[in-house]
>>> print(open('final08.txt').read())   # compact mmCIF, C-alpha atoms
# COMPACT_ATOMS: atom_id res chain seq x y z
CA MET A 15 -3.21 36.45 11.76
CA GLY A 16 -5.75 33.67 11.37
CA THR A 17 -5.14 30.11 12.48
CA HIS A 18 -6.17 26.83 10.90
CA THR A 19 -7.60 24.44 13.47
CA ARG A 20 -6.95 21.36 11.33
CA TYR A 21 -3.34 22.24 10.47
CA PHE A 22 -0.59 22.22 13.08
CA ILE A 23 3.15 22.68 13.32
CA LEU A 24 5.46 20.13 14.96
CA ARG A 25 9.10 21.09 15.44
CA LYS A 26 11.51 18.46 14.14
CA ASP A 27 13.24 18.58 17.51
CA ASP A 28 9.98 17.32 19.03
CA LEU A 29 9.48 14.39 16.65
CA ASN A 30 11.34 12.01 18.97
CA SER A 31 9.18 13.05 21.93
CA PHE A 32 6.10 12.45 19.80
CA ILE A 33 7.19 8.94 18.81
CA VAL A 34 8.25 8.06 22.35
CA LYS A 35 4.87 9.14 23.73
CA LEU A 36 3.02 7.17 21.07
CA SER A 37 5.08 4.03 21.76
CA ARG A 38 3.93 3.99 25.39
CA SER A 39 0.34 3.29 24.38
CA HIS A 40 0.65 1.83 20.86
CA LYS A 41 2.84 -0.38 18.78
CA VAL A 42 4.55 2.16 16.50
CA VAL A 43 5.97 1.04 13.15
CA ALA A 44 7.86 3.21 10.68
CA PRO A 45 10.24 2.93 7.71
CA VAL A 46 13.68 1.75 8.86
CA SER A 47 16.76 1.34 6.67
CA LYS A 48 17.73 -2.28 6.09
CA GLY A 49 20.83 -1.45 4.06
CA TYR A 50 21.57 -1.55 0.34
CA GLY A 51 18.90 1.07 -0.34
CA ASN A 52 16.10 -1.05 1.13
CA TYR A 53 13.58 0.00 3.77
CA ALA A 54 10.97 -1.87 5.79
CA PHE A 55 8.19 -0.95 8.19
CA THR A 56 9.56 -2.06 11.57
CA GLU A 57 8.58 -1.42 15.19
CA VAL A 58 10.29 1.65 16.68
CA THR A 59 10.28 3.32 20.09
CA SER A 60 12.06 6.54 19.11
CA ALA A 61 12.51 8.67 16.02
CA ASN A 62 16.24 7.92 15.81
CA ASP A 63 15.70 4.75 13.77
CA ILE A 64 13.13 6.23 11.37
CA ALA A 65 14.18 6.91 7.78
CA LEU A 66 12.31 10.10 6.91
CA LYS A 67 13.77 10.00 3.38
CA HIS A 68 13.05 6.61 1.87
CA ILE A 69 11.89 4.89 -1.28
CA PRO A 70 8.80 2.68 -0.86
CA THR A 71 9.41 -0.06 1.66
CA ILE A 72 10.05 -3.67 0.56
CA LEU A 73 6.53 -4.64 1.66
CA PRO A 74 3.75 -2.05 1.82
CA PRO A 75 1.87 -1.25 5.06
CA LYS A 76 -0.76 -3.65 3.72
CA LYS A 77 0.97 -6.31 5.84
CA TYR A 78 -0.55 -4.79 9.00
CA PHE A 79 -4.08 -4.76 7.58
CA LEU A 80 -3.88 -8.13 5.82
CA PRO A 81 -1.11 -10.25 7.40
CA GLN A 82 0.90 -12.52 5.14
CA ARG A 83 -0.21 -15.48 7.26
CA GLU A 84 -3.31 -15.31 9.47
CA THR A 85 -5.11 -17.93 11.57
CA MET A 86 -8.80 -17.61 10.78
CA LEU A 87 -10.05 -20.56 12.84
CA SER A 88 -8.77 -22.99 15.47
CA PHE A 89 -10.76 -26.19 15.70
CA GLY A 90 -10.99 -29.65 17.23
CA THR A 91 -12.14 -32.67 15.27
CA GLY A 92 -14.59 -33.84 17.93
CA HIS A 93 -17.26 -31.14 18.42
CA ILE A 94 -18.19 -28.01 16.50
CA GLU A 95 -18.31 -26.15 19.83
CA SER A 96 -14.52 -26.44 20.03
CA ALA A 97 -14.01 -24.09 17.07
CA GLU A 98 -12.70 -20.58 17.82
CA ALA A 99 -12.16 -17.66 15.47
CA PRO A 100 -9.23 -15.66 16.91
CA LEU A 101 -8.40 -12.18 15.69
CA GLU A 102 -4.73 -11.34 15.91
CA HIS A 103 -4.24 -7.58 16.16
CA GLU A 104 -2.61 -4.80 18.17
CA ASN A 105 -3.30 -1.10 18.57
CA THR A 106 -0.83 0.08 15.95
CA VAL A 107 0.36 3.45 14.66
CA ILE A 108 1.93 3.32 11.20
CA PHE A 109 4.15 6.39 10.78
CA GLY A 110 5.66 7.60 7.51
CA VAL A 111 3.18 6.24 4.95
CA HIS A 112 3.74 7.74 1.51
CA THR A 113 0.76 8.93 -0.54
CA CYS A 114 1.07 5.99 -2.95
CA ASP A 115 0.61 3.61 -0.02
CA LEU A 116 -2.28 5.69 1.35
CA ASN A 117 -3.88 5.17 -2.04
CA GLY A 118 -3.24 1.43 -1.73
CA ILE A 119 -4.89 1.26 1.70
CA GLN A 120 -7.94 3.04 0.31
CA CYS A 121 -8.18 0.42 -2.44
CA LEU A 122 -8.05 -2.41 0.11
CA ASN A 123 -10.66 -0.70 2.28
CA ILE A 124 -13.04 -0.66 -0.68
CA VAL A 125 -12.45 -4.32 -1.53
CA PHE A 126 -12.84 -5.68 2.00
CA SER A 127 -15.85 -3.50 2.79
CA GLU A 128 -17.73 -5.02 -0.13
CA ARG A 129 -20.25 -7.73 0.75
CA PRO A 130 -19.50 -10.27 2.04
CA ARG A 131 -17.41 -8.01 4.26
CA ASP A 132 -14.10 -9.25 5.61
CA TYR A 133 -14.56 -8.58 9.32
CA ASN A 134 -11.03 -9.66 10.20
CA TYR A 135 -9.68 -6.95 7.93
CA LEU A 136 -12.18 -4.32 9.06
CA ARG A 137 -11.72 -4.93 12.78
CA ARG A 138 -7.96 -4.82 12.37
CA LYS A 139 -8.26 -1.57 10.40
CA ASP A 140 -10.20 -0.02 13.28
CA ASN A 141 -7.19 -0.57 15.53
CA ILE A 142 -4.66 1.04 13.17
CA THR A 143 -3.81 4.74 13.10
CA VAL A 144 -2.15 5.95 9.91
CA ILE A 145 0.28 8.87 9.80
CA GLY A 146 1.22 9.89 6.27
CA LEU A 147 4.47 11.51 5.16
CA GLU A 148 4.66 13.56 1.98
CA CYS A 149 7.19 12.98 -0.80
CA THR A 150 8.35 16.34 -2.17
CA GLU A 151 10.82 14.68 -4.57
CA TYR A 152 10.62 11.51 -6.65
CA CYS A 153 11.55 8.36 -4.75
CA ASP A 154 13.50 7.06 -7.76
CA GLU A 155 13.18 6.51 -11.50
CA HIS A 156 10.70 3.63 -11.09
CA ALA A 157 7.89 5.74 -9.58
CA SER A 158 4.85 6.66 -11.69
CA CYS A 159 2.77 8.21 -8.93
CA ASN A 160 1.86 11.34 -10.86
CA LEU A 161 0.46 9.27 -13.72
CA MET A 162 -1.69 7.36 -11.21
CA ASN A 163 -2.72 10.53 -9.33
CA SER A 164 -1.31 9.28 -6.05
CA ASN A 165 1.47 11.78 -5.35
CA PHE A 166 -0.63 14.27 -3.36
CA PRO A 167 -2.55 13.57 -0.14
CA ASN A 168 -6.14 12.55 -0.78
CA GLY A 169 -7.42 11.08 2.48
CA GLY A 170 -6.83 7.65 3.93
CA TYR A 171 -4.84 8.95 6.90
CA ASP A 172 -5.39 10.22 10.43
CA LEU A 173 -2.44 12.65 10.40
CA PHE A 174 -0.33 13.79 7.48
CA PHE A 175 3.19 15.25 7.80
CA THR A 176 4.86 17.56 5.29
CA ASP A 177 8.52 18.52 5.75
CA MET A 178 8.76 22.31 6.03
CA GLY A 179 12.47 22.57 6.74
CA GLU A 180 12.90 23.02 10.48
CA ASP A 181 9.48 21.60 11.29
CA PHE A 182 6.54 19.62 9.93
CA MET A 183 3.15 20.83 8.79
CA VAL A 184 0.63 18.33 10.17
CA HIS A 185 -2.87 17.92 8.78
CA VAL A 186 -5.43 16.41 11.15
CA ASN A 187 -7.92 14.35 9.16
CA THR A 188 -9.82 12.27 11.73
CA GLN A 189 -10.88 12.22 15.36
CA ALA A 190 -8.14 9.65 16.06
CA GLY A 191 -5.59 12.08 14.66
CA ASP A 192 -7.07 14.91 16.71
CA ASP A 193 -6.72 12.79 19.85
CA LEU A 194 -3.03 12.19 19.14
CA VAL A 195 -2.40 15.92 18.70
CA ASP A 196 -4.28 16.83 21.87
CA GLY A 197 -2.70 14.02 23.89
CA THR A 198 0.93 14.93 23.24
CA ASN A 199 0.86 18.71 23.78
CA LEU A 200 3.63 19.18 21.20
CA PHE A 201 1.72 20.80 18.35
CA LYS A 202 0.99 24.46 17.66
CA PRO A 203 -1.74 25.74 15.31
CA ALA A 204 -0.46 26.75 11.88
CA THR A 205 -0.61 30.43 11.01
CA GLN A 206 -1.64 31.81 7.64
CA ALA A 207 2.01 32.52 6.83
CA ARG A 208 2.91 28.85 7.37
CA MET A 209 -0.05 27.77 5.25
CA GLU A 210 1.28 29.94 2.43
CA GLU A 211 4.61 28.10 2.76
CA LEU A 212 2.76 24.79 2.38
CA TYR A 213 1.00 26.02 -0.74
CA ALA A 214 4.36 27.08 -2.20
CA ILE A 215 5.85 23.64 -1.48
CA ARG A 216 2.92 21.96 -3.23
CA ASP A 217 3.19 24.30 -6.24
CA ALA A 218 6.90 23.51 -6.58
CA LYS A 219 6.09 19.81 -6.30
CA ARG A 220 3.55 20.03 -9.13
CA ALA A 221 6.26 21.49 -11.34
CA ARG A 222 8.61 18.57 -10.55
CA PHE A 223 6.11 15.73 -10.83
CA ARG A 224 5.10 15.07 -14.42
CA ASP A 225 3.34 12.13 -16.07
CA GLU A 226 6.06 9.51 -16.19
CA VAL A 227 4.54 7.82 -19.25
CA ASN A 228 3.52 9.97 -22.19
CA VAL A 229 -0.22 9.34 -21.92
CA ASP A 230 -3.31 10.80 -20.31
CA ARG A 231 -4.31 8.26 -17.64
CA LYS A 232 -7.95 8.64 -18.73
CA LYS A 233 -6.96 6.94 -21.99
CA LEU A 234 -5.42 3.88 -20.30
CA PRO A 235 -8.68 1.84 -20.12
CA ALA A 236 -9.25 2.26 -23.87
CA ILE A 237 -5.63 1.33 -24.57
CA PHE A 238 -6.02 -1.85 -22.51
CA ASP A 239 -9.29 -2.66 -24.28
CA LYS A 240 -7.34 -2.76 -27.54
CA SER A 241 -4.31 -4.62 -26.23
CA GLU A 242 -5.63 -8.09 -25.35
CA ASN A 243 -3.76 -9.72 -28.23
CA SER A 244 -0.83 -7.31 -28.22
CA PRO A 245 2.65 -8.77 -28.88
CA VAL A 246 3.80 -6.74 -25.88
CA TRP A 247 2.35 -9.40 -23.56
CA LYS A 248 4.21 -12.18 -25.35
CA ALA A 249 7.47 -10.24 -25.20
CA ILE A 250 7.35 -9.65 -21.45
CA GLY A 251 5.65 -12.99 -20.77
CA ASP A 252 8.68 -14.73 -22.26
CA LYS A 253 10.87 -12.88 -19.75
CA CYS A 254 8.63 -13.43 -16.70
CA LEU A 255 9.83 -16.07 -14.21
CA GLY A 256 6.45 -16.50 -12.53
CA CYS A 257 8.02 -15.92 -9.12
CA GLY A 258 5.18 -13.76 -7.78
CA ASN A 259 7.49 -11.05 -6.42
CA CYS A 260 5.48 -8.29 -8.11
CA THR A 261 2.20 -9.33 -6.47
CA ASN A 262 3.78 -9.93 -3.07
CA VAL A 263 5.07 -6.36 -2.88
CA CYS A 264 2.03 -4.69 -4.50
CA PRO A 265 0.04 -2.46 -2.11
CA THR A 266 -3.29 -3.35 -3.76
CA CYS A 267 -3.02 -7.09 -4.46
CA TYR A 268 -5.45 -8.82 -2.14
CA CYS A 269 -5.74 -12.44 -3.35
CA PHE A 270 -5.33 -15.10 -0.70
CA ASP A 271 -5.58 -18.85 -0.22
CA ILE A 272 -7.11 -20.69 2.73
CA ALA A 273 -6.08 -24.13 3.94
CA ASP A 274 -7.12 -26.35 6.86
CA THR A 275 -4.19 -28.09 8.53
CA LEU A 276 -4.37 -30.76 11.23
CA ASN A 277 -1.92 -30.69 14.11
CA LEU A 278 0.23 -33.72 14.91
CA ASP A 279 -2.31 -34.97 17.47
CA LEU A 280 -4.85 -35.37 14.62
CA LYS A 281 -7.48 -33.98 16.99
CA SER A 282 -7.07 -30.26 16.41
CA GLY A 283 -6.05 -27.93 13.65
CA ARG A 284 -6.11 -24.46 12.15
CA ARG A 285 -7.61 -22.71 9.18
CA VAL A 286 -4.97 -20.34 7.85
CA ARG A 287 -5.19 -17.55 5.28
CA THR A 288 -2.03 -16.73 3.31
CA TRP A 289 -1.24 -14.32 0.51
CA ASP A 290 -1.55 -15.82 -2.96
CA SER A 291 -0.42 -14.64 -6.39
CA CYS A 292 -2.07 -14.74 -9.80
CA GLU A 293 1.45 -14.89 -11.27
CA VAL A 294 2.18 -18.43 -10.04
CA GLU A 295 1.19 -21.46 -12.09
CA THR A 296 -1.06 -23.06 -9.47
CA PHE A 297 -3.27 -20.00 -8.95
CA ALA A 298 -5.74 -20.74 -11.78
CA LYS A 299 -5.55 -24.52 -11.56
CA VAL A 300 -8.91 -26.13 -10.77
CA ALA A 301 -10.28 -29.63 -10.10
CA GLY A 302 -9.23 -32.15 -12.70
CA GLY A 303 -5.94 -30.39 -13.30
CA GLU A 304 -7.33 -27.81 -15.73
CA ASN A 305 -5.67 -24.40 -15.71
CA PHE A 306 -7.53 -21.53 -17.35
CA ARG A 307 -4.38 -19.35 -17.33
CA SER A 308 -1.73 -21.96 -17.97
CA GLY A 309 0.77 -19.72 -19.74
CA GLN A 310 2.94 -17.07 -18.13
CA THR A 311 1.91 -14.55 -20.79
CA GLU A 312 -1.76 -14.95 -19.84
CA ARG A 313 -1.00 -14.62 -16.13
CA LEU A 314 1.15 -11.52 -16.57
CA ARG A 315 -1.44 -9.88 -18.82
CA HIS A 316 -4.14 -10.68 -16.27
CA ARG A 317 -2.22 -8.93 -13.49
CA HIS A 318 -1.84 -5.76 -15.55
CA TYR A 319 -5.53 -5.78 -16.46
CA ARG A 320 -6.41 -6.10 -12.75
CA LYS A 321 -4.55 -2.84 -12.12
CA PHE A 322 -5.55 -0.76 -15.13
CA ARG A 323 -8.87 -2.09 -16.45
CA PHE A 324 -10.92 -4.50 -14.32
CA SER A 325 -10.71 -2.38 -11.17
CA LEU A 326 -11.90 0.68 -13.05
CA GLY A 327 -15.03 -1.14 -14.16
CA LYS A 328 -15.80 -2.50 -10.69
CA TYR A 329 -14.44 0.08 -8.25
CA TYR A 330 -14.11 3.18 -10.49
CA ARG A 331 -10.41 3.61 -9.74
CA PHE A 332 -7.05 2.31 -10.87
CA PHE A 333 -5.49 -0.28 -8.61
CA CYS A 334 -1.95 0.73 -9.55
CA THR A 335 -0.57 3.39 -7.20
CA GLY A 336 2.61 4.11 -9.14
CA CYS A 337 4.81 3.08 -6.20
CA GLY A 338 7.26 1.20 -8.46
CA ARG A 339 7.62 -1.82 -6.17
CA CYS A 340 6.81 -4.36 -8.90
CA THR A 341 9.66 -2.99 -11.01
CA ARG A 342 12.16 -2.94 -8.14
CA ALA A 343 11.28 -6.51 -7.14
CA CYS A 344 11.26 -8.05 -10.62
CA MET A 345 14.14 -10.51 -11.07
CA ALA A 346 13.52 -10.59 -14.84
CA GLY A 347 13.92 -6.84 -15.27
CA ILE A 348 10.34 -6.18 -16.41
CA ARG A 349 9.65 -2.45 -16.02
CA LEU A 350 6.08 -1.24 -15.59
CA LYS A 351 6.71 2.14 -17.21
CA GLU A 352 8.31 0.42 -20.22
CA THR A 353 5.32 -1.92 -20.55
CA LEU A 354 2.85 0.96 -20.44
CA SER A 355 4.93 2.99 -22.90
CA ALA A 356 4.98 0.07 -25.33
CA LEU A 357 1.20 -0.35 -25.13
CA VAL A 358 0.69 3.40 -25.61
CA LYS A 359 3.00 3.45 -28.65
CA GLU A 360 1.22 0.47 -30.16
CA ALA A 361 -2.21 2.06 -29.71
CA ALA A 362 -1.15 5.40 -31.26
>>> encode(input="final08.txt", output="structure tokens")
Amino acid sequence: MGTHTRYFILRKDDLNSFIVKLSRSHKVVAPVSKGYGNYAFTEVTSANDIALKHIPTILPPKKYFLPQRETMLSFGTGHIESAEAPLEHENTVIFGVHTCDLNGIQCLNIVFSERPRDYNYLRRKDNITVIGLECTEYCDEHASCNLMNSNFPNGGYDLFFTDMGEDFMVHVNTQAGDDLVDGTNLFKPATQARMEELYAIRDAKRARFRDEVNVDRKKLPAIFDKSENSPVWKAIGDKCLGCGNCTNVCPTCYCFDIADTLNLDLKSGRRVRTWDSCEVETFAKVAGGENFRSGQTERLRHRHYRKFRFSLGKYYRFFCTGCGRCTRACMAGIRLKETLSALVKEAA
């Protein structure tokens, strides 16, 4: 029987030993249940706290690559020599990343690698090891990952785990992943018979995962080109509260604000970067009080175009991963799949 050097088997009974060993040299974070059907990436030191079956976490793993609040510069008011640019990071392993979130990380990597490069992001990324975990069933009714082509592994990880019943199939994708496998001595090479099992699991998954909106995703850009003045935007814009929840939980939203703040001594201060949202009223406000997206309808339409049209023209990929977080977090009950279905129906 042949073996596959890049595919390995890890017994489920050995998962705890694997996590414990990793936690001795890295900060390990994984999905943990927070009650009421909610999950969050949280630091763990054993596998006992990890939720292997989970819907997408409240916040995506983006928060480890691009922190919600980050000090970019510490400075004194006296001399320029007193300025320091700290980089807050740890050697981190993120375990249990679904394929939709792997897709989101890939989108962020593209954005922050573009000139002028964001070296804070890139240096932090170099200290993060990503371990993916495959969904073989739908997370819930809000997911549209098949429509967005993000329900199967397509890179963006160091190791990738697939549940095979009594054990995991593990794909090694990078040198960092190879080092983890070699360093723990818990993995065995996958045989051809086990590879055939993996293929069967993937075939069964393809049969279960269907386009969640009745449209070919290749037609979405043309549909959005026609929909600028669609009444759909007015209908959902009237419902939108402008709270920014959808952008805060989105794995591909990357807008931020930067502010300089003086300390109480008035002699030192910090330059801080924080997440921002195109859904809030102040986002598009400029000097003189002008706001070039003053209405909630315009702001909501803009966010959808950033996911399904603008990104395709600039980065040649959709920036929606189909994770469903925006729908779950929306206090106004706006449903992404319903919005897309309405636009598709209108364009027919």
>>> residues_near_point(input="final08.txt", point="(1.0, 6.8, -13.1)", cutoff="12 Å", atoms="only C-alpha atoms", output="number ranges by chain")
A: 114, 156-165, 223-234, 321-322, 332-338, 350-351, 354-355
>>> atom_distance(input="final08.txt", atom1="atom CA of Phe238 of chain A", atom2="atom CA of Leu314 of chain A")
13.4 Å
>>> closest_residue(input="final08.txt", among="A:Gly283, A:Asp27, A:Gln120, A:Cys340", to="Ile72 of chain A", atoms="all atoms listed in the file")
A:Cys340
>>> atom_distance(input="final08.txt", atom1="atom CA of Pro167 of chain A", atom2="atom CA of Phe126 of chain A")
21.9 Å
>>> closest_residue(input="final08.txt", among="A:Phe306, A:Cys121, A:Thr113, A:Tyr319", to="Tyr152 of chain A", atoms="all atoms listed in the file")
A:Thr113
>>> atom_distance(input="final08.txt", atom1="atom CA of Cys269 of chain A", atom2="atom CA of Lys139 of chain A")
17.7 Å
>>> closest_residue(input="final08.txt", among="A:Gly251, A:Gly256, A:Gly347, A:Gly179", to="Arg315 of chain A", atoms="only C-alpha atoms")
A:Gly251
>>> residues_around(input="final08.txt", residues="Pro245 of chain A", least_positions_apart="2", cutoff="10 Å", atoms="only C-alpha atoms", output="number ranges by chain")
A: 241-243, 247-251, 311, 356-357, 360
>>> closest_atom_pairs(input="final08.txt", of="segment 96-206 of chain A", to="segment 39-53 of chain A", cutoff="10 Å", atoms="only C-alpha atoms", output="CSV")
residue,atom,partner,partner_atom,distance
A:Glu104,CA,A:Lys41,CA,7.0
A:Asn105,CA,A:His40,CA,5.4
A:Thr106,CA,A:Lys41,CA,4.7
A:Val107,CA,A:Val42,CA,4.8
A:Ile108,CA,A:Val43,CA,5.0
A:Phe109,CA,A:Ala44,CA,4.9
A:Gly110,CA,A:Ala44,CA,5.8
A:Val111,CA,A:Ala44,CA,8.0
A:Asn141,CA,A:His40,CA,9.8
A:Ile142,CA,A:His40,CA,9.4
A:Thr143,CA,A:Val42,CA,9.4
A:Ile145,CA,A:Ala44,CA,9.5
>>> closest_residue(input="final08.txt", among="A:Val263, A:Lys240, A:Asn134, A:Met183", to="Ala54 of chain A", atoms="only C-alpha atoms")
A:Val263
>>> residues_near_point(input="final08.txt", point="(-3.6, -10.6, -10.4)", cutoff="10 Å", atoms="all atoms listed in the file", output="VMD selection string")
chain A and resid 258 260 to 261 266 to 269 290 to 294 297 313 to 321
>>> closest_residue(input="final08.txt", among="A:Ser37, A:Thr288, A:Asn117, A:Asn168", to="Pro265 of chain A", atoms="all atoms listed in the file")
A:Asn117
>>> residues_around(input="final08.txt", residues="Leu80 of chain A", least_positions_apart="4", cutoff="10 Å", atoms="only C-alpha atoms", output="CSV table (one decimal) with C-alpha atoms, in the coordinates of the input")
chain,number,residue,atom,x,y,z
A,75,PRO,CA,1.9,-1.2,5.1
A,76,LYS,CA,-0.8,-3.6,3.7
A,84,GLU,CA,-3.3,-15.3,9.5
A,122,LEU,CA,-8.0,-2.4,0.1
A,134,ASN,CA,-11.0,-9.7,10.2
A,135,TYR,CA,-9.7,-7.0,7.9
A,136,LEU,CA,-12.2,-4.3,9.1
A,138,ARG,CA,-8.0,-4.8,12.4
A,139,LYS,CA,-8.3,-1.6,10.4
A,268,TYR,CA,-5.4,-8.8,-2.1
A,270,PHE,CA,-5.3,-15.1,-0.7
A,287,ARG,CA,-5.2,-17.6,5.3
A,288,THR,CA,-2.0,-16.7,3.3
A,289,TRP,CA,-1.2,-14.3,0.5
>>> closest_residue(input="final08.txt", among="A:Cys344, A:Leu194, A:Leu326, A:Cys153", to="Leu173 of chain A", atoms="all atoms listed in the file")
A:Leu194
>>> build_atoms(input="final08.txt", residues="segment 326-343 of chain A", atoms="N, CA and C atoms", output="PDB file, keeping the file's coordinate frame")
ATOM      1  N   LEU A 326     -11.197  -0.551 -12.664  1.00  0.00           N
ATOM      2  CA  LEU A 326     -11.900   0.680 -13.050  1.00  0.00           C
ATOM      3  C   LEU A 326     -13.368   0.388 -13.309  1.00  0.00           C
ATOM      4  N   GLY A 327     -13.654  -0.768 -13.901  1.00  0.00           N
ATOM      5  CA  GLY A 327     -15.030  -1.140 -14.160  1.00  0.00           C
ATOM      6  C   GLY A 327     -15.802  -1.486 -12.907  1.00  0.00           C
ATOM      7  N   LYS A 328     -15.110  -2.056 -11.906  1.00  0.00           N
ATOM      8  CA  LYS A 328     -15.800  -2.500 -10.690  1.00  0.00           C
ATOM      9  C   LYS A 328     -15.768  -1.474  -9.580  1.00  0.00           C
ATOM     10  N   TYR A 329     -14.618  -0.823  -9.392  1.00  0.00           N
ATOM     11  CA  TYR A 329     -14.440   0.080  -8.250  1.00  0.00           C
ATOM     12  C   TYR A 329     -14.236   1.534  -8.659  1.00  0.00           C
ATOM     13  N   TYR A 330     -14.226   1.813  -9.962  1.00  0.00           N
ATOM     14  CA  TYR A 330     -14.110   3.180 -10.490  1.00  0.00           C
ATOM     15  C   TYR A 330     -12.790   3.841 -10.117  1.00  0.00           C
ATOM     16  N   ARG A 331     -11.722   3.037 -10.004  1.00  0.00           N
ATOM     17  CA  ARG A 331     -10.410   3.610  -9.740  1.00  0.00           C
ATOM     18  C   ARG A 331      -9.343   2.616 -10.194  1.00  0.00           C
ATOM     19  N   PHE A 332      -8.186   3.162 -10.554  1.00  0.00           N
ATOM     20  CA  PHE A 332      -7.050   2.310 -10.870  1.00  0.00           C
ATOM     21  C   PHE A 332      -6.559   1.635  -9.602  1.00  0.00           C
ATOM     22  N   PHE A 333      -6.066   0.404  -9.749  1.00  0.00           N
ATOM     23  CA  PHE A 333      -5.490  -0.280  -8.610  1.00  0.00           C
ATOM     24  C   PHE A 333      -3.965  -0.348  -8.722  1.00  0.00           C
ATOM     25  N   CYS A 334      -3.395   0.478  -9.574  1.00  0.00           N
ATOM     26  CA  CYS A 334      -1.950   0.730  -9.550  1.00  0.00           C
ATOM     27  C   CYS A 334      -1.751   2.071  -8.867  1.00  0.00           C
ATOM     28  N   THR A 335      -0.817   2.140  -7.919  1.00  0.00           N
ATOM     29  CA  THR A 335      -0.570   3.390  -7.200  1.00  0.00           C
ATOM     30  C   THR A 335       0.685   4.096  -7.678  1.00  0.00           C
ATOM     31  N   GLY A 336       1.397   3.488  -8.628  1.00  0.00           N
ATOM     32  CA  GLY A 336       2.610   4.110  -9.140  1.00  0.00           C
ATOM     33  C   GLY A 336       3.794   4.047  -8.190  1.00  0.00           C
ATOM     34  N   CYS A 337       3.745   3.140  -7.217  1.00  0.00           N
ATOM     35  CA  CYS A 337       4.810   3.080  -6.200  1.00  0.00           C
ATOM     36  C   CYS A 337       6.119   2.544  -6.761  1.00  0.00           C
ATOM     37  N   GLY A 338       6.059   1.742  -7.840  1.00  0.00           N
ATOM     38  CA  GLY A 338       7.260   1.200  -8.460  1.00  0.00           C
ATOM     39  C   GLY A 338       7.789  -0.071  -7.841  1.00  0.00           C
ATOM     40  N   ARG A 339       7.102  -0.622  -6.845  1.00  0.00           N
ATOM     41  CA  ARG A 339       7.620  -1.820  -6.170  1.00  0.00           C
ATOM     42  C   ARG A 339       7.747  -3.016  -7.110  1.00  0.00           C
ATOM     43  N   CYS A 340       6.769  -3.199  -8.002  1.00  0.00           N
ATOM     44  CA  CYS A 340       6.810  -4.360  -8.900  1.00  0.00           C
ATOM     45  C   CYS A 340       8.059  -4.317  -9.769  1.00  0.00           C
ATOM     46  N   THR A 341       8.454  -3.125 -10.196  1.00  0.00           N
ATOM     47  CA  THR A 341       9.660  -2.990 -11.010  1.00  0.00           C
ATOM     48  C   THR A 341      10.901  -3.281 -10.187  1.00  0.00           C
ATOM     49  N   ARG A 342      10.970  -2.726  -8.984  1.00  0.00           N
ATOM     50  CA  ARG A 342      12.160  -2.940  -8.140  1.00  0.00           C
ATOM     51  C   ARG A 342      12.328  -4.404  -7.772  1.00  0.00           C
ATOM     52  N   ALA A 343      11.216  -5.129  -7.613  1.00  0.00           N
ATOM     53  CA  ALA A 343      11.280  -6.510  -7.140  1.00  0.00           C
ATOM     54  C   ALA A 343      11.426  -7.524  -8.258  1.00  0.00           C
TER      55      ALA A 343
END
